[in-house]
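target25.cif (mmCIF, N, CA, C and O atoms) appears below.
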```cif
data_run
loop_
_atom_site.label_atom_id
_atom_site.label_comp_id
_atom_site.auth_asym_id
_atom_site.auth_seq_id
_atom_site.Cartn_x
_atom_site.Cartn_y
_atom_site.Cartn_z
N MET B 1239 23.10 -1.52 77.69
CA MET B 1239 22.71 -1.41 76.33
C MET B 1239 22.34 0.01 76.00
O MET B 1239 21.57 0.63 76.71
N SER B 1240 22.91 0.40 74.97
CA SER B 1240 22.57 1.77 74.60
C SER B 1240 21.49 1.74 73.53
O SER B 1240 21.53 0.93 72.61
N ARG B 1241 20.63 2.55 73.71
CA ARG B 1241 19.52 2.64 72.76
C ARG B 1241 19.62 3.93 71.98
O ARG B 1241 19.93 4.97 72.54
N THR B 1242 19.32 3.76 70.72
CA THR B 1242 19.28 4.99 69.92
C THR B 1242 17.86 5.51 69.99
O THR B 1242 16.89 4.75 69.89
N PRO B 1243 17.76 6.74 70.19
CA PRO B 1243 16.41 7.30 70.27
C PRO B 1243 15.69 7.18 68.92
O PRO B 1243 16.31 7.23 67.86
N PHE B 1244 14.42 6.97 69.00
CA PHE B 1244 13.59 6.84 67.81
C PHE B 1244 13.50 8.20 67.14
O PHE B 1244 13.15 9.20 67.76
N ARG B 1245 13.84 8.20 65.86
CA ARG B 1245 13.77 9.47 65.14
C ARG B 1245 12.57 9.45 64.21
O ARG B 1245 12.32 8.47 63.53
N ARG B 1246 11.93 10.49 64.21
CA ARG B 1246 10.84 10.63 63.26
C ARG B 1246 11.37 11.24 61.98
O ARG B 1246 12.27 12.05 62.00
N ARG B 1247 10.74 10.81 60.91
CA ARG B 1247 11.17 11.38 59.63
C ARG B 1247 10.69 12.81 59.52
O ARG B 1247 9.60 13.16 59.97
N SER B 1248 11.49 13.57 58.89
CA SER B 1248 11.07 14.95 58.68
C SER B 1248 10.03 14.99 57.56
O SER B 1248 9.86 14.04 56.80
N SER B 1249 9.33 16.07 57.46
CA SER B 1249 8.29 16.18 56.42
C SER B 1249 8.92 16.14 55.02
O SER B 1249 8.32 15.62 54.08
N GLU B 1250 10.13 16.63 54.88
CA GLU B 1250 10.81 16.58 53.57
C GLU B 1250 11.12 15.14 53.20
O GLU B 1250 10.98 14.73 52.05
N ALA B 1251 11.57 14.35 54.16
CA ALA B 1251 11.89 12.95 53.89
C ALA B 1251 10.62 12.18 53.53
O ALA B 1251 10.64 11.33 52.63
N ARG B 1252 9.53 12.46 54.22
CA ARG B 1252 8.26 11.80 53.90
C ARG B 1252 7.78 12.18 52.50
O ARG B 1252 7.31 11.34 51.74
N ALA B 1253 7.90 13.43 52.13
CA ALA B 1253 7.48 13.88 50.80
C ALA B 1253 8.34 13.23 49.72
O ALA B 1253 7.84 12.83 48.66
N ALA B 1254 9.62 13.11 49.96
CA ALA B 1254 10.51 12.48 48.98
C ALA B 1254 10.16 11.01 48.81
O ALA B 1254 10.15 10.48 47.70
N ALA B 1255 9.86 10.33 49.91
CA ALA B 1255 9.50 8.92 49.83
C ALA B 1255 8.18 8.74 49.11
O ALA B 1255 8.01 7.84 48.30
N ALA B 1256 7.23 9.61 49.39
CA ALA B 1256 5.93 9.52 48.73
C ALA B 1256 6.04 9.82 47.24
O ALA B 1256 5.41 9.16 46.41
N SER B 1257 6.85 10.79 46.87
CA SER B 1257 6.98 11.10 45.44
C SER B 1257 7.71 9.98 44.72
O SER B 1257 7.41 9.68 43.58
N GLY B 1258 8.65 9.32 45.37
CA GLY B 1258 9.32 8.18 44.75
C GLY B 1258 8.36 7.04 44.52
O GLY B 1258 8.39 6.36 43.50
N GLN B 1259 7.47 6.81 45.44
CA GLN B 1259 6.47 5.75 45.30
C GLN B 1259 5.51 6.11 44.16
O GLN B 1259 5.16 5.27 43.35
N THR B 1260 5.11 7.35 44.07
CA THR B 1260 4.20 7.78 43.01
C THR B 1260 4.86 7.63 41.65
O THR B 1260 4.23 7.15 40.70
N LEU B 1261 6.10 8.01 41.53
CA LEU B 1261 6.81 7.87 40.26
C LEU B 1261 6.94 6.40 39.86
O LEU B 1261 6.82 6.05 38.69
N ALA B 1262 7.17 5.55 40.83
CA ALA B 1262 7.27 4.13 40.53
C ALA B 1262 5.94 3.58 40.04
O ALA B 1262 5.88 2.77 39.11
N GLU B 1263 4.84 4.03 40.65
CA GLU B 1263 3.53 3.59 40.19
C GLU B 1263 3.25 4.06 38.77
O GLU B 1263 2.72 3.32 37.95
N TYR B 1264 3.62 5.30 38.47
CA TYR B 1264 3.46 5.80 37.10
C TYR B 1264 4.27 4.97 36.11
O TYR B 1264 3.82 4.67 35.01
N ALA B 1265 5.48 4.61 36.49
CA ALA B 1265 6.34 3.82 35.61
C ALA B 1265 5.71 2.46 35.33
O ALA B 1265 5.75 1.96 34.19
N VAL B 1266 5.10 1.85 36.33
CA VAL B 1266 4.46 0.55 36.13
C VAL B 1266 3.26 0.69 35.19
O VAL B 1266 3.06 -0.13 34.28
N VAL B 1267 2.48 1.72 35.38
CA VAL B 1267 1.31 1.94 34.51
C VAL B 1267 1.76 2.19 33.07
O VAL B 1267 1.20 1.63 32.13
N ILE B 1268 2.76 3.02 32.89
CA ILE B 1268 3.26 3.31 31.54
C ILE B 1268 3.83 2.05 30.89
O ILE B 1268 3.62 1.80 29.71
N ALA B 1269 4.53 1.23 31.66
CA ALA B 1269 5.06 -0.02 31.12
C ALA B 1269 3.94 -0.96 30.70
O ALA B 1269 4.00 -1.60 29.65
N ALA B 1270 2.87 -1.03 31.48
CA ALA B 1270 1.74 -1.89 31.12
C ALA B 1270 1.06 -1.39 29.85
O ALA B 1270 0.69 -2.18 28.97
N ILE B 1271 0.92 -0.09 29.72
CA ILE B 1271 0.33 0.48 28.49
C ILE B 1271 1.22 0.17 27.30
O ILE B 1271 0.73 -0.19 26.22
N ALA B 1272 2.52 0.31 27.45
CA ALA B 1272 3.45 0.03 26.35
C ALA B 1272 3.35 -1.42 25.90
O ALA B 1272 3.36 -1.73 24.71
N VAL B 1273 3.27 -2.34 26.86
CA VAL B 1273 3.14 -3.77 26.51
C VAL B 1273 1.83 -4.02 25.77
O VAL B 1273 1.79 -4.74 24.77
N ALA B 1274 0.74 -3.41 26.22
CA ALA B 1274 -0.55 -3.59 25.56
C ALA B 1274 -0.51 -3.04 24.13
O ALA B 1274 -1.04 -3.65 23.19
N VAL B 1275 0.13 -1.91 23.93
CA VAL B 1275 0.25 -1.33 22.58
C VAL B 1275 1.08 -2.23 21.69
O VAL B 1275 0.75 -2.44 20.51
N MET B 1276 2.16 -2.78 22.21
CA MET B 1276 3.01 -3.67 21.41
C MET B 1276 2.24 -4.92 20.99
O MET B 1276 2.34 -5.37 19.84
N VAL B 1277 1.46 -5.50 21.89
CA VAL B 1277 0.66 -6.69 21.55
C VAL B 1277 -0.37 -6.34 20.49
O VAL B 1277 -0.56 -7.07 19.51
N ALA B 1278 -1.02 -5.19 20.63
CA ALA B 1278 -2.01 -4.77 19.63
C ALA B 1278 -1.35 -4.56 18.27
O ALA B 1278 -1.90 -4.95 17.24
N LEU B 1279 -0.17 -3.97 18.24
CA LEU B 1279 0.54 -3.76 16.98
C LEU B 1279 0.94 -5.07 16.32
O LEU B 1279 0.89 -5.21 15.10
N LEU B 1280 1.33 -6.06 17.12
CA LEU B 1280 1.69 -7.35 16.54
C LEU B 1280 0.48 -8.00 15.85
O LEU B 1280 0.60 -8.54 14.76
N PHE B 1281 -0.69 -7.94 16.48
CA PHE B 1281 -1.89 -8.48 15.85
C PHE B 1281 -2.26 -7.70 14.60
O PHE B 1281 -2.66 -8.26 13.59
N LEU B 1282 -2.12 -6.38 14.66
CA LEU B 1282 -2.44 -5.53 13.52
C LEU B 1282 -1.51 -5.81 12.34
O LEU B 1282 -1.95 -5.94 11.20
N VAL B 1283 -0.22 -5.95 12.62
CA VAL B 1283 0.75 -6.24 11.55
C VAL B 1283 0.45 -7.59 10.93
O VAL B 1283 0.50 -7.74 9.70
N ALA B 1284 0.12 -8.58 11.73
CA ALA B 1284 -0.19 -9.91 11.20
C ALA B 1284 -1.42 -9.86 10.29
O ALA B 1284 -1.45 -10.49 9.23
N GLY B 1285 -2.42 -9.09 10.67
CA GLY B 1285 -3.63 -8.98 9.86
C GLY B 1285 -3.38 -8.25 8.56
O GLY B 1285 -3.87 -8.64 7.49
N ILE B 1286 -2.59 -7.18 8.61
CA ILE B 1286 -2.30 -6.41 7.40
C ILE B 1286 -1.39 -7.20 6.47
O ILE B 1286 -1.57 -7.19 5.26
N LYS B 1287 -0.42 -7.89 7.03
CA LYS B 1287 0.52 -8.65 6.20
C LYS B 1287 -0.20 -9.71 5.38
O LYS B 1287 0.10 -9.92 4.21
N GLY B 1288 -1.18 -10.36 5.97
CA GLY B 1288 -1.94 -11.37 5.24
C GLY B 1288 -2.70 -10.78 4.07
O GLY B 1288 -2.90 -11.43 3.05
N ARG B 1289 -3.11 -9.53 4.17
CA ARG B 1289 -3.86 -8.89 3.08
C ARG B 1289 -2.96 -8.62 1.88
O ARG B 1289 -3.39 -8.74 0.74
N PHE B 1290 -1.73 -8.21 2.12
CA PHE B 1290 -0.86 -7.82 1.02
C PHE B 1290 0.01 -8.96 0.48
O PHE B 1290 0.54 -8.86 -0.61
N ASP B 1291 0.16 -10.03 1.25
CA ASP B 1291 0.99 -11.13 0.80
C ASP B 1291 0.28 -12.03 -0.21
O ASP B 1291 0.92 -12.70 -1.01
N SER B 1292 -1.03 -12.06 -0.17
CA SER B 1292 -1.74 -12.94 -1.09
C SER B 1292 -1.75 -12.34 -2.49
O SER B 1292 -2.05 -11.18 -2.68
N THR B 1293 -1.38 -13.15 -3.46
CA THR B 1293 -1.38 -12.71 -4.85
C THR B 1293 -2.35 -13.59 -5.63
O THR B 1293 -2.54 -14.76 -5.31
N PRO B 1294 -2.96 -13.04 -6.66
CA PRO B 1294 -3.88 -13.85 -7.45
C PRO B 1294 -3.14 -14.97 -8.17
O PRO B 1294 -1.98 -14.82 -8.54
N SER B 1295 -3.83 -16.09 -8.38
CA SER B 1295 -3.18 -17.24 -9.02
C SER B 1295 -2.93 -16.98 -10.49
O SER B 1295 -1.98 -17.49 -11.07
N SER B 1296 -3.78 -16.21 -11.13
CA SER B 1296 -3.56 -15.88 -12.54
C SER B 1296 -3.48 -14.37 -12.68
O SER B 1296 -4.13 -13.62 -11.95
N PRO B 1297 -2.67 -13.91 -13.62
CA PRO B 1297 -2.54 -12.46 -13.78
C PRO B 1297 -3.86 -11.85 -14.25
O PRO B 1297 -4.61 -12.47 -14.99
N GLN B 1298 -4.12 -10.65 -13.81
CA GLN B 1298 -5.35 -9.99 -14.18
C GLN B 1298 -5.24 -9.44 -15.60
O GLN B 1298 -4.17 -9.06 -16.06
N ALA B 1299 -6.38 -9.40 -16.26
CA ALA B 1299 -6.41 -8.84 -17.61
C ALA B 1299 -6.25 -7.32 -17.50
O ALA B 1299 -6.63 -6.71 -16.52
N PRO B 1300 -5.66 -6.72 -18.51
CA PRO B 1300 -5.49 -5.26 -18.47
C PRO B 1300 -6.85 -4.57 -18.50
O PRO B 1300 -7.83 -5.10 -19.02
N PHE B 1301 -6.89 -3.40 -17.96
CA PHE B 1301 -8.13 -2.64 -17.90
C PHE B 1301 -8.53 -2.17 -19.29
O PHE B 1301 -7.73 -1.60 -20.03
N VAL B 1302 -9.77 -2.44 -19.64
CA VAL B 1302 -10.32 -1.98 -20.91
C VAL B 1302 -11.54 -1.12 -20.57
O VAL B 1302 -12.50 -1.60 -19.97
N PRO B 1303 -11.50 0.16 -20.95
CA PRO B 1303 -12.64 1.01 -20.62
C PRO B 1303 -13.88 0.58 -21.40
O PRO B 1303 -13.78 0.01 -22.49
N PRO B 1304 -15.05 0.84 -20.85
CA PRO B 1304 -16.28 0.45 -21.55
C PRO B 1304 -16.46 1.28 -22.82
O PRO B 1304 -15.96 2.40 -22.93
N ARG B 1305 -17.18 0.69 -23.75
CA ARG B 1305 -17.44 1.41 -25.00
C ARG B 1305 -18.35 2.59 -24.73
O ARG B 1305 -19.25 2.51 -23.91
N THR B 1306 -18.12 3.63 -25.47
CA THR B 1306 -18.99 4.80 -25.36
C THR B 1306 -20.25 4.50 -26.15
O THR B 1306 -20.19 4.15 -27.33
N PRO B 1307 -21.41 4.62 -25.52
CA PRO B 1307 -22.64 4.33 -26.25
C PRO B 1307 -22.88 5.38 -27.34
O PRO B 1307 -22.57 6.55 -27.17
N THR B 1308 -23.42 4.93 -28.42
CA THR B 1308 -23.77 5.87 -29.50
C THR B 1308 -25.24 6.21 -29.38
O THR B 1308 -26.07 5.35 -29.06
N LEU B 1309 -25.55 7.45 -29.61
CA LEU B 1309 -26.94 7.89 -29.51
C LEU B 1309 -27.67 7.53 -30.79
O LEU B 1309 -27.14 7.65 -31.89
N SER B 1310 -28.89 7.10 -30.62
CA SER B 1310 -29.74 6.87 -31.79
C SER B 1310 -30.84 7.93 -31.76
O SER B 1310 -31.21 8.44 -30.70
N TYR B 1311 -31.34 8.26 -32.93
CA TYR B 1311 -32.34 9.32 -33.04
C TYR B 1311 -33.58 8.79 -33.72
O TYR B 1311 -33.51 7.92 -34.60
N PRO B 1312 -34.73 9.31 -33.33
CA PRO B 1312 -35.97 8.85 -33.96
C PRO B 1312 -36.08 9.39 -35.40
O PRO B 1312 -35.61 10.48 -35.71
N ALA B 1313 -36.70 8.58 -36.28
CA ALA B 1313 -36.86 9.00 -37.67
C ALA B 1313 -38.27 9.47 -37.96
O ALA B 1313 -38.48 10.30 -38.85
N THR B 1314 -39.24 8.97 -37.21
CA THR B 1314 -40.63 9.34 -37.45
C THR B 1314 -41.29 9.73 -36.14
O THR B 1314 -40.78 9.42 -35.05
N LEU B 1315 -42.44 10.38 -36.25
CA LEU B 1315 -43.19 10.76 -35.05
C LEU B 1315 -43.69 9.53 -34.30
O LEU B 1315 -43.82 9.56 -33.08
N GLU B 1316 -43.94 8.44 -35.01
CA GLU B 1316 -44.39 7.20 -34.36
C GLU B 1316 -43.32 6.63 -33.43
O GLU B 1316 -43.64 5.94 -32.46
N ASP B 1317 -42.07 6.91 -33.74
CA ASP B 1317 -40.98 6.45 -32.86
C ASP B 1317 -41.05 7.13 -31.49
O ASP B 1317 -40.57 6.58 -30.50
N CYS B 1318 -41.65 8.31 -31.42
CA CYS B 1318 -41.74 9.06 -30.17
C CYS B 1318 -43.00 8.76 -29.38
O CYS B 1318 -43.05 8.97 -28.17
N GLU B 1319 -44.03 8.27 -30.05
CA GLU B 1319 -45.32 8.07 -29.40
C GLU B 1319 -45.35 6.80 -28.55
O GLU B 1319 -44.55 5.89 -28.75
N GLU B 1320 -46.31 6.75 -27.65
CA GLU B 1320 -46.54 5.61 -26.76
C GLU B 1320 -45.27 5.21 -25.99
O GLU B 1320 -44.84 4.06 -26.00
N ASP B 1321 -44.69 6.20 -25.35
CA ASP B 1321 -43.46 6.04 -24.55
C ASP B 1321 -42.26 5.57 -25.35
O ASP B 1321 -41.26 5.11 -24.80
N GLY B 1322 -42.33 5.72 -26.67
CA GLY B 1322 -41.17 5.38 -27.51
C GLY B 1322 -40.02 6.34 -27.30
O GLY B 1322 -38.86 6.00 -27.53
N TRP B 1323 -40.32 7.55 -26.86
CA TRP B 1323 -39.28 8.54 -26.61
C TRP B 1323 -38.32 8.09 -25.51
O TRP B 1323 -37.19 8.54 -25.45
N ARG B 1324 -38.75 7.14 -24.66
CA ARG B 1324 -37.87 6.64 -23.59
C ARG B 1324 -36.70 5.82 -24.14
O ARG B 1324 -35.72 5.59 -23.44
N ASN B 1325 -36.77 5.40 -25.39
CA ASN B 1325 -35.67 4.67 -26.02
C ASN B 1325 -34.53 5.60 -26.40
O ASN B 1325 -33.46 5.13 -26.78
N TYR B 1326 -34.76 6.89 -26.32
CA TYR B 1326 -33.76 7.89 -26.72
C TYR B 1326 -33.40 8.70 -25.47
O TYR B 1326 -34.18 9.51 -25.00
N VAL B 1327 -32.22 8.49 -24.96
CA VAL B 1327 -31.83 9.08 -23.67
C VAL B 1327 -31.68 10.59 -23.71
O VAL B 1327 -31.71 11.25 -22.68
N GLN B 1328 -31.54 11.15 -24.87
CA GLN B 1328 -31.31 12.58 -24.97
C GLN B 1328 -32.60 13.40 -24.80
O GLN B 1328 -32.54 14.61 -24.66
N PHE B 1329 -33.76 12.77 -24.78
CA PHE B 1329 -35.03 13.49 -24.65
C PHE B 1329 -35.62 13.28 -23.26
O PHE B 1329 -35.59 12.17 -22.72
N ASP B 1330 -36.18 14.36 -22.72
CA ASP B 1330 -36.80 14.29 -21.39
C ASP B 1330 -38.28 13.92 -21.45
O ASP B 1330 -38.83 13.45 -20.46
N ASP B 1331 -38.92 14.17 -22.57
CA ASP B 1331 -40.33 13.82 -22.70
C ASP B 1331 -40.69 13.65 -24.17
O ASP B 1331 -39.86 13.83 -25.07
N GLU B 1332 -41.93 13.28 -24.41
CA GLU B 1332 -42.40 12.98 -25.77
C GLU B 1332 -42.39 14.23 -26.65
O GLU B 1332 -42.07 14.16 -27.84
N GLU B 1333 -42.68 15.38 -26.08
CA GLU B 1333 -42.72 16.61 -26.85
C GLU B 1333 -41.36 16.96 -27.42
O GLU B 1333 -41.24 17.37 -28.58
N GLU B 1334 -40.30 16.82 -26.63
CA GLU B 1334 -38.95 17.09 -27.12
C GLU B 1334 -38.61 16.17 -28.28
O GLU B 1334 -38.00 16.58 -29.26
N CYS B 1335 -38.98 14.92 -28.14
CA CYS B 1335 -38.71 13.93 -29.19
C CYS B 1335 -39.41 14.34 -30.49
O CYS B 1335 -38.82 14.33 -31.57
N LYS B 1336 -40.69 14.70 -30.38
CA LYS B 1336 -41.44 15.09 -31.57
C LYS B 1336 -40.89 16.36 -32.20
O LYS B 1336 -40.81 16.48 -33.43
N LYS B 1337 -40.49 17.33 -31.39
CA LYS B 1337 -39.89 18.56 -31.92
C LYS B 1337 -38.62 18.24 -32.71
O LYS B 1337 -38.37 18.82 -33.76
N TYR B 1338 -37.82 17.33 -32.19
CA TYR B 1338 -36.59 16.94 -32.90
C TYR B 1338 -36.94 16.35 -34.27
O TYR B 1338 -36.33 16.70 -35.27
N VAL B 1339 -37.91 15.43 -34.33
CA VAL B 1339 -38.28 14.81 -35.58
C VAL B 1339 -38.81 15.83 -36.56
O VAL B 1339 -38.45 15.84 -37.75
N GLU B 1340 -39.65 16.77 -36.09
CA GLU B 1340 -40.20 17.80 -36.96
C GLU B 1340 -39.11 18.72 -37.51
O GLU B 1340 -39.18 19.16 -38.65
N GLN B 1341 -38.11 19.01 -36.73
CA GLN B 1341 -37.04 19.92 -37.17
C GLN B 1341 -36.04 19.23 -38.10
O GLN B 1341 -35.43 19.88 -38.93
N HIS B 1342 -35.89 17.93 -37.98
CA HIS B 1342 -34.83 17.24 -38.72
C HIS B 1342 -35.33 16.36 -39.85
O HIS B 1342 -34.56 15.64 -40.47
N THR B 1343 -36.61 16.36 -40.13
CA THR B 1343 -37.10 15.60 -41.26
C THR B 1343 -37.46 16.55 -42.39
O THR B 1343 -38.00 17.64 -42.16
N PRO B 1344 -37.11 16.18 -43.62
CA PRO B 1344 -37.38 17.11 -44.75
C PRO B 1344 -38.85 17.19 -45.11
O PRO B 1344 -39.71 16.52 -44.84
#
```

Is it possible to give me this structure as structure tokens?
Amino acid sequence: MSRTPFRRRSSEARAAAASGQTLAEYAVVIAAIAVAVMVALLFLVAGIKGRFDSTPSSPQAPFVPPRTPTLSYPATLEDCEEDGWRNYVQFDDEEECKKYVEQHTP
């Protein structure tokens, strides 16, 4: 019987085998990440689709802007006294209110 002598792998052959194994491990990890991302996207799409597919049962009324408030002005000094000036948004205090009445009454 002839025997073939046992050959040891060269360092280049060992490095090539090790790098092939490492690349295969990376490929498995990347594939697992890709599958996880795809599953997450499917759940995300299902959640978003439900938000946009629902329509109201009755049509919405057209937008109507609110009315612009009209300012009212005090006619007498009594309108400004005892915190009455707070009824007039254009005045910061009672004195301003009274000055307005004094300037605008004949």

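Note that the spacing between atom CA of Val1277 of chain B and atom CA of Ala1262 of chain B amounts to 22.8 Å.
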
message: I want to know what sits within 6 Å of segment 1308-1312 of chain B, based on all atoms listed in the file, with residues of the same chain fewer than 5 positions away left out; could you give that as a VMD selection string?
response: chain B and resid 1317 1325 to 1327 1339

- prompt: Quick one, how far is atom N of Glu1340 of chain B from atom C of Glu1316 of chain B?
  reply: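 So the two atoms, atom N of Glu1340 of chain B and atom C of Glu1316 of chain B, lie 11.1 Å apart.
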
task: Please measure the separation of atom CA of His1342 of chain B and atom O of Leu1315 of chain B, giving the value in Å to one decimal.
output: 13.1 Å

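Among the candidate residues B:Gln1298, B:Pro1344, B:Glu1334, B:Ile1286, the one lying nearest to Ala1313 of chain B is B:Pro1344, with distances computed using all atoms listed in the file.
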
Render segment 1262-1273 of chain B from the structure in the preceding block as a file of N, CA, C and O atoms, as a compact mmCIF listing (two decimals), in the first residue's frame.
```txt
# COMPACT_ATOMS: atom_id res chain seq x y z
N ALA B 1262 -18.14 34.66 4.48
CA ALA B 1262 -19.41 33.95 4.58
C ALA B 1262 -20.18 34.38 5.83
O ALA B 1262 -21.40 34.56 5.80
N GLU B 1263 -19.46 34.57 6.94
CA GLU B 1263 -20.12 35.04 8.15
C GLU B 1263 -20.70 36.44 7.96
O GLU B 1263 -21.80 36.74 8.40
N TYR B 1264 -19.94 37.31 7.31
CA TYR B 1264 -20.46 38.66 7.01
C TYR B 1264 -21.72 38.59 6.15
O TYR B 1264 -22.67 39.33 6.36
N ALA B 1265 -21.71 37.71 5.17
CA ALA B 1265 -22.87 37.58 4.28
C ALA B 1265 -24.10 37.13 5.07
O ALA B 1265 -25.21 37.62 4.84
N VAL B 1266 -23.92 36.23 6.01
CA VAL B 1266 -25.05 35.76 6.83
C VAL B 1266 -25.58 36.90 7.70
O VAL B 1266 -26.80 37.11 7.82
N VAL B 1267 -24.69 37.66 8.29
CA VAL B 1267 -25.11 38.79 9.14
C VAL B 1267 -25.85 39.82 8.31
O VAL B 1267 -26.90 40.33 8.70
N ILE B 1268 -25.32 40.15 7.15
CA ILE B 1268 -25.96 41.15 6.28
C ILE B 1268 -27.33 40.65 5.82
O ILE B 1268 -28.30 41.40 5.77
N ALA B 1269 -27.44 39.37 5.51
CA ALA B 1269 -28.74 38.81 5.10
C ALA B 1269 -29.74 38.88 6.24
O ALA B 1269 -30.91 39.21 6.04
N ALA B 1270 -29.31 38.61 7.46
CA ALA B 1270 -30.22 38.69 8.61
C ALA B 1270 -30.68 40.12 8.84
O ALA B 1270 -31.86 40.38 9.12
N ILE B 1271 -29.78 41.07 8.69
CA ILE B 1271 -30.16 42.49 8.83
C ILE B 1271 -31.16 42.87 7.75
O ILE B 1271 -32.14 43.58 8.01
N ALA B 1272 -30.92 42.44 6.52
CA ALA B 1272 -31.83 42.76 5.42
C ALA B 1272 -33.23 42.20 5.68
O ALA B 1272 -34.24 42.87 5.42
N VAL B 1273 -33.31 40.98 6.17
CA VAL B 1273 -34.61 40.38 6.48
C VAL B 1273 -35.32 41.16 7.59
O VAL B 1273 -36.52 41.44 7.50
```
